[in-house]
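Trainee: I'd like to ask some things about the structure below.
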Amino acid sequence: MVSTHATVCRDGKDIEVPLKMLVPGDLIRLGAGDMVPADVRLLVAKDLFLNQASLTGESMPIEKTAAAVSGANDNPLDAPNVCFLGTNVESGTATAMVVCTGDKTSFGSLASHITGQEISTSFDKGINGFTWLMIRFILVMVPAVFIINGLARHNWLEAFLFALAVAVGLTPEMLPMIVTVNLSKGALVMSRKKVIVKRLNAIQNFGAMDVLCTDKTGTLTEGRIVLEQYLDPDGHSSLKVLDYAYLNSYYHTGLKNLMDEAILKHEELPASLNIREQFRKIDEIPFDFIRKRMSVVVEELSGLNILICKGAVEGVMELCSFAEVNGEIQAILPEQRQHCRELVAALNGQGFRVVALAYRKMPGATDDPVYTVKDESALVLLGFLSFLDPPKESATAALAKLASLKVDVRILTGDNEIITACICGKVGVPADRFLLGPQIELMNDEELTAVVMDYRVFARLAPIHKQRIIRAFQRNGHVTGFMGDGINDAPALKVADVGISVNSAVDIAKESSDIILLENSLQVLEQGVSEGRRVFGNIVKYIRMAASSNFGNMFSVVGASAFLPYLPMLPIQVLTNNLLYDFSQTAIPTDNVDADWLVKPRKWTISELRRFILVIGPVSSIFDYATFFVLWHFFDAQHNPALFHTGWFIESLFSQTLIIHIIRTNKIPFIESRASWPLTLTSLIIVLVGVWLTISPLATTLGFVRLPAAFWGWLAGILVGYVALTQVVKNWLQKKYNMQ
């Protein structure tokens with residue numbers, strides 16, 4: 001009962017059939033208000049205007065005709081004799097032949113681009129890369145520990161259990177929790193900033209994003225038509241032009257278009273004109289697509305009737321014999337007509353849509369007069385009205401802020417290059433070069449990848465062009481975001497590392513997005529970028545801490561296993577140490593991130609992580625070996641394995657917990673950068689728990705003994721040296737390899 005039907009001519013009769021029953025070759029009838037049910041070729045069309053916003057994102061209707069097209073069209077959506085599924089008829093009638101239905105339509109091809117396997121983003125690739133890095137370390141270290149201990153002590157079961165404990169120790173098992181809590185906390189913070197996160201891993205991509213592609217309409221602009229100027233024939237501002245335009249739109253009873261609505265936004269005029277008392281509507285000559293104008297006739301208090309005509313510039317100017325400038329009515333000379341055409345051309349060149357306004361005063365009649373098209377003659381040209389989708393006031397500041405965060409904004413629009421250049425100029429985006437949809441159509445993916453970085457503005461794009469541009473940026477090594485709100489944006493939203501939409505977007509765009517903005521504003525976006533970088537900063541802290549510390553400990557285990565006559569640490573002690581260290585890092589999601597970390601995009605760099613682990617890890621081993629030396633030579637640990645185990649357990653726990661505060665910042669810890677109080681408190685608690693375990697009732701079960709008082713002095717010296725050397729090596733790494 002509620003399915004959508006189309007009017008089809010079959011066997012000489014017009015019948016209503018469900019859309020799914022249409023087949024290529026069917027003849028269909030179209031009328032005002034109809035949705036185009038398939039991709040069709042027009043056979044007959046009368047005053048047919050379509051809204052193609054669902055495919056192009058542009059709100060202005062486009063005229064379609066049945067005339068044959070000579071040569072191929074650059075953009076299929078611009079073909080004047082073809083209508084597409086998903087568009088709707090604003091006005092007029094047509095008969096058309098069905099060419100494509102279902103998945104084979106242009107609309108259907110959009111669906112095929114947004115379904116299928118989920119695409120791996122920058123975050124997914126980074127996590128996978130780190131996981132395989134740790135697996136490789138485990139595959140090298142664990143067999144080495146097993147073989148060395150088995151050969152040294154000939155107890156292969158003990159060696160196996162110890163190697164198993166080492167494998168657990170090497171594994172950053174808190175990674176899923178740290179990542180999830182960090183992302184969830186970031187999502188909550190971003191929700192307070194009117195940014196809703198649909199996919200948690202998009203937060204890191206948000207922070208890593210270094211190229212943001214965005215549509216023009218509704219993002220840089222208000223997304224609505226505004227009356228910008230009301231000019232006399234000489235190009236000077238004229239309130240009389242505005243007044244007469246308001247009277248025309250106010251008394252117009254037909255379907256009001258976007259320009260009428262923009263004029264009627266001047267709600268102060270009814271009072272200033274005193275419309276109800278000063279004017280009375282006499283008649284109306286409605287709009288039609290042949291004349292491309294409409295007129296209303298109103299009566300003044302003086303009894304004169306005024307015919308006010310508004311419409312396409314050329315059509316109205318042909319009817320004008322006079323022009324009014326500064327209150328004086330003069331006959332239009334050829335030079336003045338040329339000047340008016342140049343004025344309109346200049347306005348069009350700035351991206352304005354221009355209509356002309358003219359009038360004619362006539363004596364009032366005693367009975368109700370009837371006015372016709374013939375009365376639209378010998379008019380007085382009053383001036384011109386220019387309309388524009390204006391740039392947002394916040395756009396310029398937001399773009400500057402994104403630039404300061406090293407996010408490169410690129411404009412992708414279906415609109416023409418003239419209007420796009422005008423808007424870009426007003427918001428400070430360089431628009432001296434364009435890459436147009438027809439040019440992209442002639443390029444293969446390799447050619448597009450080679451030139452895409454040279455352009456900041458892309459115009460006259462079809463939906464598939466946007467998708468190809470996003471992939472070209474990604475092939476150039478950029479983490480690319482895309483912001484869009486229309487059906488035509490869905491394919492690009494799907495392939496972007498982070499797809500961004502707004503709450504007012506169509507459902508299919510929101511479904512394809514990772515992040516939804518409650519406000520269609522680049523300023524909201526900028527806040528989200530900063531939060532994404534903060535979240536990623538805390539994730540990287542954990543990975544660096546856990547991986548380098550665990551690697552260092554296991555490096556120490558391999559060395560100790562080679563010369564000790566017993567296990568360097570019991571398996572249960574390895575696991576207890578690892579568990580306590582993991583607990584000490586649970587507060588990392590609450591930690592502060594240095595301001596200089598937030599100023600540029602941050603990406604996964606597995607090579608940097610590997611280098612950091614391989615350099616910082618062995619630094620801890622140096623002081624582990626120093627601890628072994630002290631325990632062996634000053635505390636007779638060669639005859640007391642429990643003392644050795646306890647001493648190394650304490651030194652390892654203290655050094656690992658302390659290193660959290662060294663690695664969490666690129667600055668000098670405790671002086672230039674301090675951890676959050678939850679992280680500091682957690683570190684202190686874990687250290688105290690570790691000390692307590694060595695003297696608690698659990699000490700015997702865990703294999704611990706009470707440490708001599710002198711050991712604590714040695715431990716203090718070892719820790720001071722460890723912190724100092726780690727800070728020096730960390731600074732050297734940052735300077736030599738320009739590490740993040």
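Here's how to read the names in the structure tokens: chain A, B, ... by the order shown, residue numbers from 1 in each chain, ligand numbers from 1 in the order shown.
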Mind checking DSSP for range 423-661 of chain A and telling me the strand (DSSP E or B) residues as a ChimeraX atom specification?
Mentor: /A:434-436,457-459,480-483,498-502,515-517
Trainee: Where does DSSP see helix (DSSP H, G or I) in range 53-253 of chain A, if you list the residues as JSON, numbers by chain?
Mentor: {"A": [53, 54, 55, 56, 76, 77, 78, 102, 103, 104, 106, 107, 108, 109, 110, 111, 112, 113, 114, 122, 123, 124, 125, 126, 127, 128, 129, 130, 131, 132, 133, 134, 135, 136, 137, 138, 139, 140, 141, 142, 143, 144, 145, 146, 147, 148, 149, 150, 151, 152, 153, 156, 157, 158, 159, 160, 161, 162, 163, 164, 165, 166, 167, 168, 169, 170, 175, 176, 177, 178, 179, 180, 181, 182, 183, 184, 185, 186, 187, 188, 189, 190, 191, 192, 202, 203, 204, 205, 206, 207, 208, 239, 240, 241, 242, 243, 244, 245, 246, 247, 248, 249, 250, 251]}
Trainee: Only C-alpha atoms, please: the residues just picked out, written as a compact mmCIF listing (two decimals), in the first residue's frame.
Mentor:
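out-v2.txt, written as the output of this step:
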# COMPACT_ATOMS: atom_id res chain seq x y z
CA ALA A 53 21.01 17.41 -4.80
CA SER A 54 21.03 13.73 -3.85
CA LEU A 55 23.74 13.07 -6.44
CA THR A 56 25.58 16.39 -6.75
CA PRO A 76 27.21 12.33 -17.00
CA LEU A 77 25.20 14.19 -14.36
CA ASP A 78 25.38 17.32 -16.53
CA GLY A 102 18.58 -1.16 -9.91
CA ASP A 103 22.30 -1.72 -9.35
CA LYS A 104 23.14 -0.61 -12.88
CA SER A 106 24.23 5.79 -11.20
CA PHE A 107 22.57 5.71 -7.77
CA GLY A 108 23.06 1.94 -7.59
CA SER A 109 26.76 2.30 -8.31
CA LEU A 110 27.04 4.47 -5.19
CA ALA A 111 25.63 1.59 -3.15
CA SER A 112 28.22 -0.81 -4.59
CA HIS A 113 31.00 1.54 -3.46
CA ILE A 114 29.84 1.68 0.16
CA SER A 122 45.77 4.11 9.45
CA PHE A 123 44.95 2.97 13.01
CA ASP A 124 44.26 -0.65 11.98
CA LYS A 125 47.49 -0.84 10.01
CA GLY A 126 49.45 0.66 12.93
CA ILE A 127 48.09 -1.80 15.50
CA ASN A 128 48.71 -4.73 13.15
CA GLY A 129 52.26 -3.54 12.49
CA PHE A 130 53.03 -3.24 16.22
CA THR A 131 51.48 -6.66 16.92
CA TRP A 132 53.72 -8.37 14.36
CA LEU A 133 56.75 -6.49 15.71
CA MET A 134 56.12 -7.94 19.19
CA ILE A 135 55.46 -11.42 17.74
CA ARG A 136 58.86 -11.32 16.03
CA PHE A 137 60.56 -10.32 19.30
CA ILE A 138 58.81 -13.18 21.11
CA LEU A 139 59.76 -15.69 18.41
CA VAL A 140 63.42 -14.73 18.87
CA MET A 141 63.66 -14.22 22.65
CA VAL A 142 61.53 -17.07 24.02
CA PRO A 143 63.28 -19.95 22.18
CA ALA A 144 66.63 -18.41 23.15
CA VAL A 145 65.67 -18.35 26.85
CA PHE A 146 64.33 -21.92 26.66
CA ILE A 147 67.42 -23.34 24.98
CA ILE A 148 69.96 -21.47 27.15
CA ASN A 149 68.27 -22.49 30.43
CA GLY A 150 67.71 -26.07 29.26
CA LEU A 151 71.34 -26.53 28.24
CA ALA A 152 72.68 -24.78 31.35
CA ARG A 153 70.61 -26.64 33.95
CA TRP A 156 63.84 -28.87 30.43
CA LEU A 157 60.45 -28.67 32.19
CA GLU A 158 61.69 -25.83 34.38
CA ALA A 159 63.22 -24.16 31.31
CA PHE A 160 59.93 -24.51 29.45
CA LEU A 161 57.87 -22.97 32.28
CA PHE A 162 60.36 -20.12 32.63
CA ALA A 163 60.34 -19.48 28.87
CA LEU A 164 56.54 -19.45 28.99
CA ALA A 165 56.66 -16.82 31.75
CA VAL A 166 59.10 -14.80 29.64
CA ALA A 167 56.67 -14.94 26.69
CA VAL A 168 53.92 -13.57 28.92
CA GLY A 169 56.29 -10.91 30.20
CA LEU A 170 57.16 -9.81 26.69
CA LEU A 175 47.36 -3.02 25.22
CA PRO A 176 43.67 -3.84 24.47
CA MET A 177 42.58 -2.29 27.76
CA ILE A 178 44.78 0.79 27.44
CA VAL A 179 43.72 1.36 23.83
CA THR A 180 40.01 0.85 24.54
CA VAL A 181 39.96 3.00 27.68
CA ASN A 182 41.93 5.74 25.94
CA LEU A 183 39.60 5.74 22.95
CA SER A 184 36.47 5.54 25.12
CA LYS A 185 37.63 8.41 27.31
CA GLY A 186 38.43 10.40 24.17
CA ALA A 187 34.96 9.66 22.79
CA LEU A 188 33.36 10.99 26.00
CA VAL A 189 35.45 14.16 25.93
CA MET A 190 34.66 14.69 22.24
CA SER A 191 30.93 14.19 22.85
CA ARG A 192 31.04 17.19 25.19
CA ALA A 202 38.56 6.68 14.21
CA ILE A 203 39.75 8.88 17.10
CA GLN A 204 43.39 8.06 16.44
CA ASN A 205 42.85 8.56 12.71
CA PHE A 206 41.31 11.94 13.56
CA GLY A 207 44.52 12.96 15.31
CA ALA A 208 46.77 11.46 12.62
CA LEU A 239 16.87 50.32 -1.28
CA LYS A 240 14.10 50.85 -3.84
CA VAL A 241 15.29 47.71 -5.65
CA LEU A 242 15.00 45.77 -2.38
CA ASP A 243 11.54 47.25 -1.63
CA TYR A 244 10.12 46.38 -5.05
CA ALA A 245 11.71 42.90 -4.96
CA TYR A 246 10.03 42.31 -1.60
CA LEU A 247 6.64 43.39 -2.97
CA ASN A 248 7.08 41.00 -5.90
CA SER A 249 7.97 37.99 -3.71
CA TYR A 250 5.45 38.89 -0.98
CA TYR A 251 2.46 38.92 -3.36
Trainee: Excluding Trp648 in chain A and residues on its chain fewer than 2 positions from it, collect all residues at most 8 Å away from it, counting only C-alpha atoms, and give them as a PDB file with C-alpha atoms, in the first residue's frame.
Mentor:
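Wrote it out as around25.pdb, contents follow:
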ATOM      1  CA  MET A 569      63.787 -15.096  38.635  1.00  0.00           C
ATOM      2  CA  ASP A 624      69.948  -4.854  35.648  1.00  0.00           C
ATOM      3  CA  THR A 627      72.217  -5.003  40.116  1.00  0.00           C
ATOM      4  CA  PHE A 628      73.345  -8.572  39.396  1.00  0.00           C
ATOM      5  CA  PHE A 644      69.023 -12.600  44.136  1.00  0.00           C
ATOM      6  CA  HIS A 645      65.435 -13.119  43.017  1.00  0.00           C
ATOM      7  CA  THR A 646      64.099 -10.597  45.551  1.00  0.00           C
ATOM      8  CA  ILE A 650      62.559  -4.917  43.495  1.00  0.00           C
ATOM      9  CA  GLU A 651      65.070  -3.215  41.174  1.00  0.00           C
ATOM     10  CA  SER A 652      63.110  -4.260  38.108  1.00  0.00           C
TER      11      SER A 652
END
Trainee: Taking into account only C-alpha atoms, which residue in the set A:Leu518, A:Pro61, A:Asp215, A:Pro463 is nearest to Phe482 in chain A?
Mentor: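 That would be A:Asp215, the residue with the smallest distance to Phe482 in chain A.
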Trainee: Skip range 689-703 of chain A itself and residues of its chain fewer than 4 positions away, then list as an MDAnalysis selection string all residues within 7 Å of it, counting only C-alpha atoms.
Mentor: chainID A and resid 572:573 642 650 685
Trainee: Could you write out that same residue set with N, CA and C atoms as a compact mmCIF listing (two decimals), in the first residue's frame?
Mentor:
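Once everything was written out, this is result.txt:
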# COMPACT_ATOMS: atom_id res chain seq x y z
N ILE A 572 56.78 -17.44 38.81
CA ILE A 572 55.71 -16.71 39.51
C ILE A 572 56.13 -15.28 39.81
N GLN A 573 57.44 -15.08 40.03
CA GLN A 573 57.93 -13.72 40.29
C GLN A 573 57.91 -12.88 39.00
N ALA A 642 67.30 -16.93 46.60
CA ALA A 642 66.10 -16.16 46.99
C ALA A 642 66.43 -14.68 47.13
N ILE A 650 62.77 -6.29 43.02
CA ILE A 650 62.56 -4.92 43.50
C ILE A 650 63.17 -3.91 42.54
N ILE A 685 51.79 3.69 44.65
CA ILE A 685 51.11 2.54 45.28
C ILE A 685 51.74 1.23 44.83
Trainee: Please provide the set of residues having any atom within 9 Å of range 667-671 of chain A, restricted to only C-alpha atoms, with same-chain residues fewer than 5 positions apart removed, written as a PDB file with N, CA and C atoms, in the first residue's frame.
Mentor:
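Saved as out_24.pdb:
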ATOM      1  N   ASP A 594      51.807  16.700  26.425  1.00  0.00           N
ATOM      2  CA  ASP A 594      52.504  17.975  26.218  1.00  0.00           C
ATOM      3  C   ASP A 594      51.909  18.729  25.034  1.00  0.00           C
ATOM      4  N   HIS A 661      57.604   7.667  33.884  1.00  0.00           N
ATOM      5  CA  HIS A 661      57.638   9.133  33.941  1.00  0.00           C
ATOM      6  C   HIS A 661      58.721   9.717  33.036  1.00  0.00           C
ATOM      7  N   ILE A 662      59.699   8.888  32.642  1.00  0.00           N
ATOM      8  CA  ILE A 662      60.736   9.357  31.720  1.00  0.00           C
ATOM      9  C   ILE A 662      60.212   9.303  30.286  1.00  0.00           C
ATOM     10  N   GLN A 727      67.345   9.389  30.095  1.00  0.00           N
ATOM     11  CA  GLN A 727      66.998  10.726  29.617  1.00  0.00           C
ATOM     12  C   GLN A 727      67.977  11.173  28.533  1.00  0.00           C
ATOM     13  N   ASN A 731      66.909  11.780  24.595  1.00  0.00           N
ATOM     14  CA  ASN A 731      67.157  13.049  23.894  1.00  0.00           C
ATOM     15  C   ASN A 731      67.988  12.834  22.636  1.00  0.00           C
TER      16      ASN A 731
END
Trainee: Would you compute the distance between CA of Thr253 in chain A and CA of Val373 in chain A? Give it in Å to one decimal.
Mentor: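 Between CA of Thr253 in chain A and CA of Val373 in chain A the gap works out to 16.9 Å.
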Trainee: Would you compute the distance between CA of Pro233 in chain A and CA of Arg293 in chain A? Give it in Å to one decimal.
Mentor: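 Rounded to one decimal, the two atoms are 18.4 Å apart.
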Trainee: Which of these, A:Arg280, A:Val574, A:Val98, A:Glu90, has the shortest distance to Asn257 in chain A once you count only C-alpha atoms?
Mentor: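 Checking each candidate against Asn257 in chain A, we get A:Glu90 as the closest.
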Trainee: Could you work out how far CA of Ile28 in chain A lies from CA of Val8 in chain A, giving the answer in Å with one decimal?
Mentor: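 Rounded to one decimal, the two atoms are 4.3 Å apart.
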Trainee: Would you mind listing what lies within 8 Å of Val44 in chain A as a PyMOL selection string, with only C-alpha atoms counted and same-chain residues fewer than 4 positions away left out?
Mentor: chain A and resi 65-66+94-96
Trainee: Please produce a file of the residues just selected, as a tab-separated table (two decimals), in the first residue's frame, where the atoms kept are N, CA and C atoms.
Mentor:
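Done, and the output landed in out.tsv:
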chain	number	residue	atom	x	y	z
A	65	THR	N	16.29	18.84	-21.02
A	65	THR	CA	15.56	18.91	-22.28
A	65	THR	C	15.70	17.58	-23.02
A	66	ALA	N	14.86	17.40	-24.02
A	66	ALA	CA	14.90	16.16	-24.80
A	66	ALA	C	15.82	16.27	-26.01
A	94	ALA	N	7.45	15.35	-18.56
A	94	ALA	CA	8.34	14.69	-19.52
A	94	ALA	C	7.87	13.27	-19.76
A	95	THR	N	8.26	12.76	-20.92
A	95	THR	CA	8.15	11.34	-21.24
A	95	THR	C	9.57	10.85	-21.48
A	96	ALA	N	9.92	9.72	-20.88
A	96	ALA	CA	11.31	9.24	-20.98
A	96	ALA	C	11.33	7.73	-21.13
Trainee: With a distance cut-off of 9 Å and only C-alpha atoms, select the neighbouring residues of Pro80 in chain A, excluding the residue or stretch itself and same-chain residues fewer than 5 positions from it, and output the selection as a PyMOL selection string.
Mentor: chain A and resi 42+62-69
